[in-house]
$ cat run16.cif   # mmCIF, C-alpha atoms
data_entry
#
loop_
_atom_site.label_atom_id
_atom_site.label_comp_id
_atom_site.auth_asym_id
_atom_site.auth_seq_id
_atom_site.Cartn_x
_atom_site.Cartn_y
_atom_site.Cartn_z
CA MET A 1 0.00 0.00 0.00
CA PRO A 2 1.56 3.39 -0.95
CA ALA A 3 2.34 5.83 1.86
CA PRO A 4 -0.16 8.71 2.20
CA ASP A 5 0.88 12.09 0.81
CA HIS A 6 0.20 13.77 4.13
CA PRO A 7 0.87 12.37 7.58
CA ARG A 8 -1.99 11.74 9.95
CA PHE A 9 -2.80 14.27 12.65
CA ARG A 10 -0.78 13.64 15.80
CA PRO A 11 -1.31 16.07 18.70
CA SER A 12 1.90 17.84 19.65
CA PRO A 13 2.89 19.12 23.13
CA ALA A 14 3.16 22.57 21.53
CA LEU A 15 -0.55 22.36 20.66
CA GLY A 16 -1.38 21.59 24.31
CA VAL A 17 0.64 24.60 25.47
CA VAL A 18 -1.14 26.88 23.00
CA VAL A 19 -4.57 25.60 24.08
CA LEU A 20 -3.70 26.14 27.77
CA ALA A 21 -2.40 29.64 27.06
CA GLY A 22 -5.60 30.34 25.13
CA ALA A 23 -7.58 29.35 28.21
CA VAL A 24 -5.63 31.94 30.25
CA HIS A 25 -6.59 34.57 27.69
CA VAL A 26 -10.22 33.56 28.06
CA ALA A 27 -9.84 34.28 31.80
CA ARG A 28 -8.20 37.63 30.93
CA ARG A 29 -11.21 38.35 28.68
CA ASN A 30 -8.95 39.43 25.83
CA LEU A 31 -10.84 38.67 22.63
CA VAL A 32 -8.03 39.24 20.13
CA ASP A 33 -5.64 37.01 22.07
CA VAL A 34 -8.28 34.28 22.30
CA LEU A 35 -8.97 34.41 18.55
CA VAL A 36 -5.30 34.42 17.61
CA PHE A 37 -4.48 31.48 19.88
CA LEU A 38 -7.54 29.60 18.61
CA LEU A 39 -6.46 30.20 15.00
CA ALA A 40 -2.95 29.02 15.86
CA ALA A 41 -4.32 25.83 17.44
CA VAL A 42 -6.45 25.11 14.36
CA LEU A 43 -3.48 25.71 12.02
CA MET A 44 -1.27 23.48 14.16
CA ALA A 45 -3.86 20.70 13.98
CA LEU A 46 -4.49 21.07 10.23
CA ALA A 47 -1.00 21.84 8.89
CA PRO A 48 0.38 18.27 8.94
CA THR A 49 -2.53 17.02 6.84
CA ARG A 50 -2.91 20.05 4.54
CA ASP A 51 0.63 21.30 3.96
CA ARG A 52 1.94 22.23 0.52
CA ALA A 53 5.14 20.91 -1.03
CA PRO A 54 8.23 22.66 0.39
CA ARG A 55 9.34 25.91 -1.26
CA PRO A 56 12.59 27.86 -0.93
CA LEU A 57 12.83 30.99 1.21
CA PRO A 58 11.70 34.20 -0.56
CA ARG A 59 14.72 36.21 -1.70
CA TRP A 60 13.57 39.43 -0.06
CA LEU A 61 13.60 37.65 3.30
CA GLU A 62 17.27 36.78 2.93
CA ARG A 63 18.34 40.41 2.42
CA PRO A 64 18.62 42.65 5.50
CA TRP A 65 17.67 45.98 3.89
CA PRO A 66 13.96 45.33 3.19
CA VAL A 67 13.46 44.17 6.77
CA ALA A 68 15.56 47.03 8.18
CA GLY A 69 13.39 49.44 6.22
CA ALA A 70 10.23 47.79 7.54
CA ALA A 71 11.62 48.02 11.09
CA VAL A 72 12.18 51.78 10.68
CA VAL A 73 8.66 52.26 9.31
CA LEU A 74 7.10 50.22 12.12
CA ALA A 75 9.18 52.02 14.77
CA THR A 76 8.05 55.38 13.39
CA VAL A 77 4.37 54.37 13.33
CA VAL A 78 4.57 53.04 16.88
CA ALA A 79 6.47 56.06 18.21
CA LEU A 80 4.12 58.64 16.69
CA SER A 81 0.83 56.87 17.44
CA PRO A 82 -0.90 56.40 20.80
CA ARG A 83 -0.51 52.93 22.25
CA THR A 84 -4.19 52.19 21.85
CA SER A 85 -4.52 53.40 18.25
CA ALA A 86 -6.00 51.39 15.39
CA VAL A 87 -2.95 52.34 13.30
CA VAL A 88 -0.61 50.39 15.60
CA GLU A 89 -3.05 47.47 15.73
CA ALA A 90 -3.19 47.42 11.93
CA ALA A 91 0.60 47.65 11.59
CA LEU A 92 1.14 44.74 13.99
CA GLY A 93 -1.60 42.80 12.25
CA VAL A 94 -0.01 43.30 8.82
CA VAL A 95 3.38 42.13 10.12
CA GLY A 96 1.76 39.07 11.69
CA VAL A 97 -0.18 38.14 8.56
CA ALA A 98 2.93 38.55 6.40
CA ALA A 99 4.96 36.33 8.74
CA LEU A 100 2.21 33.72 8.81
CA ALA A 101 1.92 33.76 5.02
CA VAL A 102 5.68 33.17 4.61
CA THR A 103 5.51 30.33 7.14
CA LEU A 104 2.51 28.61 5.53
CA LEU A 105 3.85 29.08 1.98
CA ALA A 106 7.13 27.43 3.04
CA GLY A 107 5.20 24.15 2.98
CA ARG A 108 6.06 20.80 4.52
CA GLY A 109 9.41 20.20 6.11
CA ALA A 110 11.79 21.82 8.52
CA PRO A 111 15.05 23.79 8.60
CA ALA A 112 18.31 21.86 8.42
CA ALA A 113 19.05 20.03 11.65
CA PRO A 114 21.68 21.77 13.81
CA GLY A 115 23.95 18.74 13.72
CA ARG A 116 25.30 17.17 16.87
CA SER A 117 23.35 19.01 19.53
CA PRO A 118 24.84 19.61 22.99
CA ARG A 119 22.78 20.47 26.04
CA THR A 120 19.47 22.20 25.39
CA TRP A 121 17.76 21.51 28.71
CA PRO A 122 19.11 24.67 30.45
CA TRP A 123 17.16 26.77 27.95
CA ALA A 124 13.98 24.77 28.57
CA VAL A 125 14.38 25.07 32.34
CA VAL A 126 14.87 28.85 32.27
CA VAL A 127 11.92 29.40 29.92
CA LEU A 128 9.70 27.08 31.97
CA VAL A 129 10.62 28.79 35.26
CA GLY A 130 9.95 32.17 33.64
CA CYS A 131 6.51 31.05 32.47
CA LEU A 132 5.66 29.65 35.90
CA LEU A 133 6.82 32.85 37.62
CA GLU A 134 4.66 34.91 35.26
CA LEU A 135 1.67 32.64 35.78
CA ALA A 136 2.11 32.69 39.57
CA ASN A 137 2.22 36.49 39.58
CA PHE A 138 -0.84 36.65 37.34
CA LEU A 139 -2.76 34.33 39.66
CA THR A 140 -2.05 36.60 42.66
CA GLN A 141 -3.93 39.45 40.97
CA PRO A 142 -7.30 40.37 42.51
CA ASP A 143 -8.81 40.04 39.03
CA PRO A 144 -7.39 39.48 35.50
CA GLN A 145 -7.44 43.20 34.67
CA THR A 146 -5.80 44.54 37.87
CA ASP A 147 -2.11 44.22 38.66
CA ASN A 148 -0.78 43.14 42.05
CA PRO A 149 1.99 45.64 42.97
CA ALA A 150 3.60 43.11 45.34
CA HIS A 151 3.85 40.45 42.61
CA PRO A 152 3.96 42.29 39.30
CA THR A 153 3.76 40.47 35.99
CA LEU A 154 6.32 41.31 33.32
CA SER A 155 3.87 43.57 31.50
CA ALA A 156 3.11 45.44 34.74
CA LEU A 157 6.84 46.17 35.09
CA VAL A 158 7.50 47.04 31.47
CA ASP A 159 4.32 49.02 30.68
CA PRO A 160 5.44 52.31 32.32
CA LEU A 161 8.65 52.23 30.24
CA LEU A 162 6.71 51.65 27.03
CA ASP A 163 4.62 54.76 27.60
CA ASP A 164 7.57 56.66 26.15
CA GLY A 165 7.41 56.89 22.34
CA TRP A 166 11.16 56.47 21.81
CA VAL A 167 11.32 53.36 24.00
CA ARG A 168 8.36 51.93 22.09
CA ALA A 169 10.07 52.69 18.78
CA VAL A 170 13.22 50.81 19.80
CA ALA A 171 11.12 47.94 21.15
CA ALA A 172 9.10 47.74 17.93
CA GLY A 173 12.21 47.74 15.74
CA ALA A 174 13.86 45.09 17.90
CA TRP A 175 10.68 43.00 17.82
CA LEU A 176 10.54 43.10 14.03
CA LEU A 177 14.21 42.15 13.69
CA LEU A 178 13.65 39.29 16.15
CA GLY A 179 10.72 38.23 13.97
CA TRP A 180 12.96 38.28 10.91
CA TRP A 181 15.33 35.83 12.63
CA VAL A 182 12.42 33.62 13.72
CA VAL A 183 10.63 33.62 10.35
CA ARG A 184 13.86 32.96 8.40
CA THR A 185 14.54 29.93 10.59
CA VAL A 186 10.94 28.69 10.59
CA ALA A 187 10.54 29.01 6.80
CA GLU A 188 13.92 27.54 5.86
CA ARG A 189 13.66 24.11 4.25
CA ASP A 190 16.35 21.44 4.39
CA GLY A 191 17.31 20.44 0.86
CA MET B 1 13.53 42.52 50.73
CA PRO B 2 9.88 43.18 49.86
CA ALA B 3 7.99 40.79 47.60
CA ARG B 4 8.06 43.23 44.68
CA GLY B 5 11.83 43.48 44.84
CA LEU B 6 12.17 39.69 44.94
CA THR B 7 9.90 39.34 41.91
CA ILE B 8 11.93 41.87 39.93
CA LEU B 9 15.12 40.11 41.01
CA GLY B 10 13.64 36.83 39.79
CA TYR B 11 12.94 38.21 36.31
CA ALA B 12 16.37 39.83 36.15
CA ALA B 13 18.03 36.56 37.17
CA LEU B 14 16.17 34.65 34.45
CA ALA B 15 17.18 37.22 31.81
CA ALA B 16 20.79 36.99 32.99
CA LEU B 17 20.65 33.19 32.77
CA LEU B 18 19.45 33.38 29.15
CA VAL B 19 22.28 35.74 28.24
CA GLY B 20 24.71 33.54 30.15
CA ALA B 21 23.53 30.41 28.33
CA GLU B 22 24.19 32.06 24.96
CA LEU B 23 27.63 33.24 26.07
CA VAL B 24 28.51 29.72 27.28
CA ALA B 25 27.25 28.31 23.96
CA ARG B 26 29.54 30.67 22.02
CA TRP B 27 32.52 30.01 24.28
CA ARG B 28 31.99 26.24 24.60
CA PRO B 29 29.79 25.09 21.70
CA ASP B 30 30.35 21.44 22.69
CA ALA B 31 28.86 22.06 26.15
CA MET B 32 25.74 24.10 25.41
CA ALA B 33 23.41 24.55 22.45
CA SER B 34 23.11 28.12 21.15
CA ALA B 35 19.77 29.94 20.92
CA SER B 36 19.88 29.43 17.16
CA ALA B 37 20.32 25.66 17.57
CA VAL B 38 17.47 25.54 20.10
CA LEU B 39 15.29 27.46 17.65
CA ARG B 40 16.07 24.98 14.89
CA GLY B 41 15.26 22.13 17.24
CA VAL B 42 11.85 23.58 18.04
CA CYS B 43 11.24 24.04 14.31
CA ARG B 44 11.59 20.31 13.59
CA THR B 45 7.79 20.02 13.53
CA ARG B 46 5.15 22.20 11.88
CA ALA B 47 3.47 22.63 15.27
CA GLY B 48 6.75 23.92 16.71
CA GLN B 49 7.16 26.33 13.80
CA LEU B 50 3.66 27.76 14.16
CA SER B 51 3.97 27.89 17.94
CA LEU B 52 7.22 29.86 17.72
CA LEU B 53 5.65 32.29 15.26
CA LEU B 54 2.63 32.72 17.52
CA TRP B 55 4.68 33.51 20.63
CA TRP B 56 6.86 36.01 18.78
CA TRP B 57 3.87 37.85 17.32
CA TRP B 58 1.96 37.77 20.60
CA LEU B 59 4.97 39.38 22.42
CA GLY B 60 4.71 42.37 20.11
CA TRP B 61 0.93 42.59 20.35
CA HIS B 62 0.93 42.28 24.12
CA PHE B 63 3.67 44.80 24.92
CA LEU B 64 3.45 47.38 22.14
CA LEU B 65 -0.28 47.93 22.59
CA ALA B 66 -1.61 49.29 25.86
CA SER B 67 -3.98 46.93 27.66
#
$ encode --input "run16.cif" --output "structure tokens"
Amino acid sequence: MPAPDHPRFRPSPALGVVVLAGAVHVARRNLVDVLVFLLAAVLMALAPTRDRAPRPLPRWLERPWPVAGAAVVLATVVALSPRTSAVVEAALGVVGVAALAVTLLAGRGAPAAPGRSPRTWPWAVVVLVGCLLELANFLTQPDPQTDNPAHPTLSALVDPLLDDGWVRAVAAGAWLLLGWWVVRTVAERDG
Amino acid sequence: MPARGLTILGYAALAALLVGAELVARWRPDAMASASAVLRGVCRTRAGQLSLLLWWWWLGWHFLLAS
């Protein structure tokens, strides 16, 4: 019997993490976060059975100048607009949709394996402890919308800094460049 | 030290550990995987790829927009 073109759906631990995080956003009553996490869970469940054939990385993604230009534009929009503006929401949405499109169009497969891999568990431990610390601080809040000054979450600590337009601009540019690194790795196909 | 100070110290310590892990990986690549290698490991599955993309995008949405 010939092998199927697409593998069967097998739940991944990453899917469980996304579903749990989505549940936290339900508690926080944040509609956009809930919808985005739900969409991600659906894509993660469907991708193995619906993926396209692998495609090479787009050329514009391999060059730094288009992304550097986009980082400057995004930083400018974020710096000059209020933090609650529709313009910033739209800009972040466009970046997200573009990154998702590149990832989905990359098709089946994965980036080249890193080769002989030394210890990775320290990274997992630090990230896990960080997530648990954040969750613990969130759970000490009197309600999902009100911070606890004695046990602040990361956003409670960072928010006052991000009220400054220049700080937000630098953060937005850094976020986009980080996304460039992530998307290039995610969309790279071995062979 | 008050609880708030301890919490901030905790976050700072975790950030320092991440930076330290990358420095160790660059100094002794046989002893510790780099952030790039960890990223590639997570990307071995489509679920890992989409999960990584989600968390990156959500970081920007969560911090750059006021709640």
$ interface_residues --input "run16.cif" --of "chain A" --to "chain B" --cutoff "6 Å" --atoms "only C-alpha atoms" --output "CSV table (one decimal) with C-alpha atoms, in the coordinates of the input"
chain,number,residue,atom,x,y,z
A,44,MET,CA,-1.3,23.5,14.2
A,83,ARG,CA,-0.5,52.9,22.2
A,84,THR,CA,-4.2,52.2,21.8
A,110,ALA,CA,11.8,21.8,8.5
A,114,PRO,CA,21.7,21.8,13.8
A,118,PRO,CA,24.8,19.6,23.0
A,119,ARG,CA,22.8,20.5,26.0
A,120,THR,CA,19.5,22.2,25.4
A,150,ALA,CA,3.6,43.1,45.3
A,151,HIS,CA,3.8,40.4,42.6
A,186,VAL,CA,10.9,28.7,10.6
$ residues_around --input "run16.cif" --residues "Arg168 in chain A" --least-positions-apart "4" --cutoff "7 Å" --atoms "all atoms listed in the file" --output "PyMOL selection string"
(chain A and resi 78-79+162+164+172) or (chain B and resi 64)
$ write_last_selection --input "run16.cif" --atoms "C-alpha atoms" --output "CSV table (one decimal), in the frame of the given file"
chain,number,residue,atom,x,y,z
A,78,VAL,CA,4.6,53.0,16.9
A,79,ALA,CA,6.5,56.1,18.2
A,162,LEU,CA,6.7,51.6,27.0
A,164,ASP,CA,7.6,56.7,26.2
A,172,ALA,CA,9.1,47.7,17.9
B,64,LEU,CA,3.4,47.4,22.1
$ atom_distance --input "run16.cif" --atom1 "CA of Leu80 in chain A" --atom2 "CA of Val167 in chain A"
11.5 Å
$ resolve_selection --input "run16.cif" --expression "the PyMOL selection byres ((chain A and resi 108) around 7)" --output "mmCIF file with C-alpha atoms, in the coordinates of the input"
data_model
loop_
_atom_site.group_PDB
_atom_site.id
_atom_site.type_symbol
_atom_site.label_atom_id
_atom_site.label_comp_id
_atom_site.auth_asym_id
_atom_site.auth_seq_id
_atom_site.Cartn_x
_atom_site.Cartn_y
_atom_site.Cartn_z
ATOM 1 C CA ASP A 51 0.630 21.300 3.960
ATOM 2 C CA ARG A 52 1.940 22.230 0.520
ATOM 3 C CA ALA A 53 5.140 20.910 -1.030
ATOM 4 C CA PRO A 54 8.230 22.660 0.390
ATOM 5 C CA ALA A 106 7.130 27.430 3.040
ATOM 6 C CA GLY A 107 5.200 24.150 2.980
ATOM 7 C CA GLY A 109 9.410 20.200 6.110
#
$ resolve_selection --input "run16.cif" --expression "the PyMOL selection byres ((chain A and resi 70) around 12)" --output "list in words"
Trp60, Leu61, Pro64, Trp65, Pro66, Val67, Ala68, Gly69, Ala71, Val72, Val73, Leu74, Ala75, Thr76, Val77, Ala91, Leu92, Val94, Val95, Ala98, Ala172, Gly173, Ala174, Trp175, Leu176, Leu177, Gly179 and Trp180 of chain A
$ atom_distance --input "run16.cif" --atom1 "CA of Ala40 in chain A" --atom2 "CA of Val183 in chain A"
15.4 Å
$ atom_distance --input "run16.cif" --atom1 "CA of Pro48 in chain A" --atom2 "CA of Val36 in chain A"
19.2 Å
$ closest_residue --input "run16.cif" --among "A:Leu43, A:Val18, A:Ala156, A:Ala23" --to "Phe138 in chain A" --atoms "all atoms listed in the file"
A:Ala156
$ build_atoms --input "run16.cif" --residues "range 22-47 of chain A" --atoms "N, CA, C and O atoms" --output "short mmCIF file (atom, residue, chain, number, x, y, z; two decimals), keeping the file's coordinate frame"
data_model
loop_
_atom_site.label_atom_id
_atom_site.label_comp_id
_atom_site.auth_asym_id
_atom_site.auth_seq_id
_atom_site.Cartn_x
_atom_site.Cartn_y
_atom_site.Cartn_z
N GLY A 22 -4.34 29.76 25.60
CA GLY A 22 -5.60 30.34 25.13
C GLY A 22 -6.63 30.40 26.24
O GLY A 22 -7.39 31.37 26.35
N ALA A 23 -6.64 29.37 27.08
CA ALA A 23 -7.58 29.35 28.21
C ALA A 23 -7.28 30.50 29.19
O ALA A 23 -8.20 31.11 29.74
N VAL A 24 -6.00 30.80 29.39
CA VAL A 24 -5.63 31.94 30.25
C VAL A 24 -6.15 33.23 29.65
O VAL A 24 -6.64 34.11 30.36
N HIS A 25 -6.09 33.35 28.34
CA HIS A 25 -6.59 34.57 27.69
C HIS A 25 -8.10 34.68 27.79
O HIS A 25 -8.64 35.78 27.83
N VAL A 26 -8.77 33.54 27.83
CA VAL A 26 -10.22 33.56 28.06
C VAL A 26 -10.49 34.17 29.44
O VAL A 26 -11.37 35.02 29.60
N ALA A 27 -9.70 33.74 30.43
CA ALA A 27 -9.84 34.28 31.80
C ALA A 27 -9.53 35.78 31.83
O ALA A 27 -10.12 36.54 32.58
N ARG A 28 -8.57 36.21 30.99
CA ARG A 28 -8.20 37.63 30.93
C ARG A 28 -9.22 38.44 30.13
O ARG A 28 -9.14 39.66 30.07
N ARG A 29 -10.15 37.73 29.48
CA ARG A 29 -11.21 38.35 28.68
C ARG A 29 -10.62 39.23 27.58
O ARG A 29 -11.06 40.36 27.36
N ASN A 30 -9.59 38.69 26.91
CA ASN A 30 -8.95 39.43 25.83
C ASN A 30 -9.31 38.75 24.52
O ASN A 30 -8.73 37.72 24.16
N LEU A 31 -10.26 39.34 23.80
CA LEU A 31 -10.84 38.67 22.63
C LEU A 31 -9.83 38.40 21.53
O LEU A 31 -9.79 37.30 20.96
N VAL A 32 -8.99 39.41 21.23
CA VAL A 32 -8.03 39.24 20.13
C VAL A 32 -7.06 38.10 20.45
O VAL A 32 -6.79 37.24 19.60
N ASP A 33 -6.57 38.08 21.68
CA ASP A 33 -5.64 37.01 22.07
C ASP A 33 -6.31 35.65 21.94
O ASP A 33 -5.70 34.69 21.45
N VAL A 34 -7.55 35.55 22.38
CA VAL A 34 -8.28 34.28 22.30
C VAL A 34 -8.39 33.84 20.84
O VAL A 34 -8.12 32.68 20.50
N LEU A 35 -8.79 34.76 19.97
CA LEU A 35 -8.97 34.41 18.55
C LEU A 35 -7.66 34.00 17.91
O LEU A 35 -7.61 33.05 17.13
N VAL A 36 -6.59 34.74 18.22
CA VAL A 36 -5.30 34.42 17.61
C VAL A 36 -4.81 33.05 18.08
O VAL A 36 -4.32 32.24 17.28
N PHE A 37 -4.94 32.78 19.36
CA PHE A 37 -4.48 31.48 19.88
C PHE A 37 -5.35 30.34 19.34
O PHE A 37 -4.86 29.25 19.05
N LEU A 38 -6.65 30.62 19.18
CA LEU A 38 -7.54 29.60 18.61
C LEU A 38 -7.15 29.30 17.17
O LEU A 38 -7.06 28.14 16.74
N LEU A 39 -6.89 30.37 16.39
CA LEU A 39 -6.46 30.20 15.00
C LEU A 39 -5.16 29.40 14.94
O LEU A 39 -5.01 28.50 14.12
N ALA A 40 -4.22 29.74 15.84
CA ALA A 40 -2.95 29.02 15.86
C ALA A 40 -3.17 27.53 16.15
O ALA A 40 -2.57 26.66 15.51
N ALA A 41 -4.05 27.23 17.10
CA ALA A 41 -4.32 25.83 17.44
C ALA A 41 -4.92 25.09 16.25
O ALA A 41 -4.54 23.95 15.95
N VAL A 42 -5.83 25.74 15.54
CA VAL A 42 -6.45 25.11 14.36
C VAL A 42 -5.40 24.87 13.28
O VAL A 42 -5.33 23.78 12.68
N LEU A 43 -4.53 25.87 13.04
CA LEU A 43 -3.48 25.71 12.02
C LEU A 43 -2.52 24.59 12.42
O LEU A 43 -2.09 23.80 11.58
N MET A 44 -2.19 24.51 13.71
CA MET A 44 -1.27 23.48 14.16
C MET A 44 -1.87 22.09 13.99
O MET A 44 -1.18 21.12 13.74
N ALA A 45 -3.20 22.00 14.14
CA ALA A 45 -3.86 20.70 13.98
C ALA A 45 -3.98 20.34 12.49
O ALA A 45 -3.84 19.17 12.11
N LEU A 46 -4.23 21.35 11.64
CA LEU A 46 -4.49 21.07 10.23
C LEU A 46 -3.23 20.98 9.37
O LEU A 46 -3.21 20.26 8.37
N ALA A 47 -2.18 21.72 9.76
CA ALA A 47 -1.00 21.84 8.89
C ALA A 47 -0.41 20.50 8.46
O ALA A 47 -0.10 20.31 7.29
#
